[in-house]
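Undergrad: Okay, here's the structure, questions in a sec.
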Amino acid sequence: MLAIILFVILGYGAGSVSTAIIVCRIMGLPDPRTEGSRNPGATNVLRFGGKKAAAVTLAGDFLKGLLPVLLARLAGLEETGLALTALAAFLGHLYPVFFGFEGGKGVATAFGAILGLSWPVALAALAAWLFMAFVVRISSLSALTAAALTPLFAGWFGLPGVELGVILGMVGLLVWRHRSNIRQLLAGTEGKIGTERPGG
């Protein structure tokens, strides 16, 4: 139990490191919480900071979801510990203690965490995102579709119940965090990849 608590703290701490804010500070860019959609994530950084800043942000958000779960696995934690570590990293990104609990929407961090739990599930989710992105060229719709399918992939590949439950919780939070995008999708005003409007 102590090991699980330690890795949950580690996961939340790693998730709380806002890559977008740090990258923007280092590169002399505006705080992403005050520009564009005001979301500290790679898509928003791309709008005003360019591809390089967005790529570094994406990589950082992905790694802070993946690495805590991999470390927990190397330490010998089993399903419950791995699942809680993944959830903690994801929650850290959404509600970072180091940045006033103003976090991003969590897509890249969720993908990293799920990759740490099960690479087949993560790759299936990535394939779903890529397919939707190619067809509709709308980042938020691609993310929401991939998120909705991920529990099905988890069930198909036989993930333990606790990991499936955590994935369901992450999907619910992802949908909640994308509620403004959902409103814009329903209104037909959501921008396409590379041309997103500041409110997206």
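We label chains A, B, ... in the order they appear in the structure tokens, count residues from 1 in each chain, and number ligands from 1 in the order shown.
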Find the residues near stretch 166-170 of chain A: any atom within 12 Å, counting only C-alpha atoms, skip ones fewer than 5 places away on the same chain, and give them as a PyMOL selection string.
TA: chain A and resi 79-91+93-94+105-111+113-115+117-118+121-122+125+144+147-155+159-161+175-177
Undergrad: Can you tell me how far atom CA of A:Tyr12 sits from atom CA of A:Gly92, in Å to one decimal?
TA: 4.5 Å
Undergrad: For each of A:Gly158, A:Pro68, A:Gly112, A:Gly191, take the minimum atom-to-atom distance to A:Arg47, counting only C-alpha atoms, then give the residue where this is smallest.
TA: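 Closest residue, counting only C-alpha atoms: A:Gly191.
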Undergrad: Among chain A, which residues does DSSP mark as helix (DSSP H, G or I) when it is run on the backbone? Keep the chain and numbering as in the structure and answer as a VMD selection string.
TA: chain A and resid 2 to 15 19 to 26 42 to 49 51 to 74 79 to 94 97 to 99 107 to 117 119 to 136 139 to 156 161 to 177 179 to 187
Undergrad: From the options A:Leu74, A:Leu2, A:Val97, A:Ala53, which residue's atoms come nearest to A:Ser16, counting only C-alpha atoms?
TA: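 For A:Ser16, the nearest of the given residues is A:Val97.
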Undergrad: Given only C-alpha atoms as the basis, pick out the residue of A:Val23, A:Leu185, A:Ile4, A:Leu46 nearest to A:Ile138.
TA: A:Leu185
Undergrad: Within 10 Å of A:Phe134, counting only C-alpha atoms, which residues qualify if same-chain residues fewer than 6 places away don't, as number ranges by chain?
TA: A: 128, 142, 193
Undergrad: Need to verify the contact set: A:Ala146, 9 Å, only C-alpha atoms, exclusion of same-chain residues closer than 5 positions in sequence. Can you return it as a list in words?
TA: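 In the requested format, the answer is Ala124, Ala125, Leu126, Ala127, Ala128, Trp129, Leu130, Met132 and Leu141 of chain A.
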Undergrad: Between A:Lys52, A:Gly41, A:Gly104, A:Ala72, which residue has the minimum interatomic distance to A:Leu6, considering only C-alpha atoms?
TA: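 Using only C-alpha atoms, the shortest distance to A:Leu6 belongs to A:Ala72.
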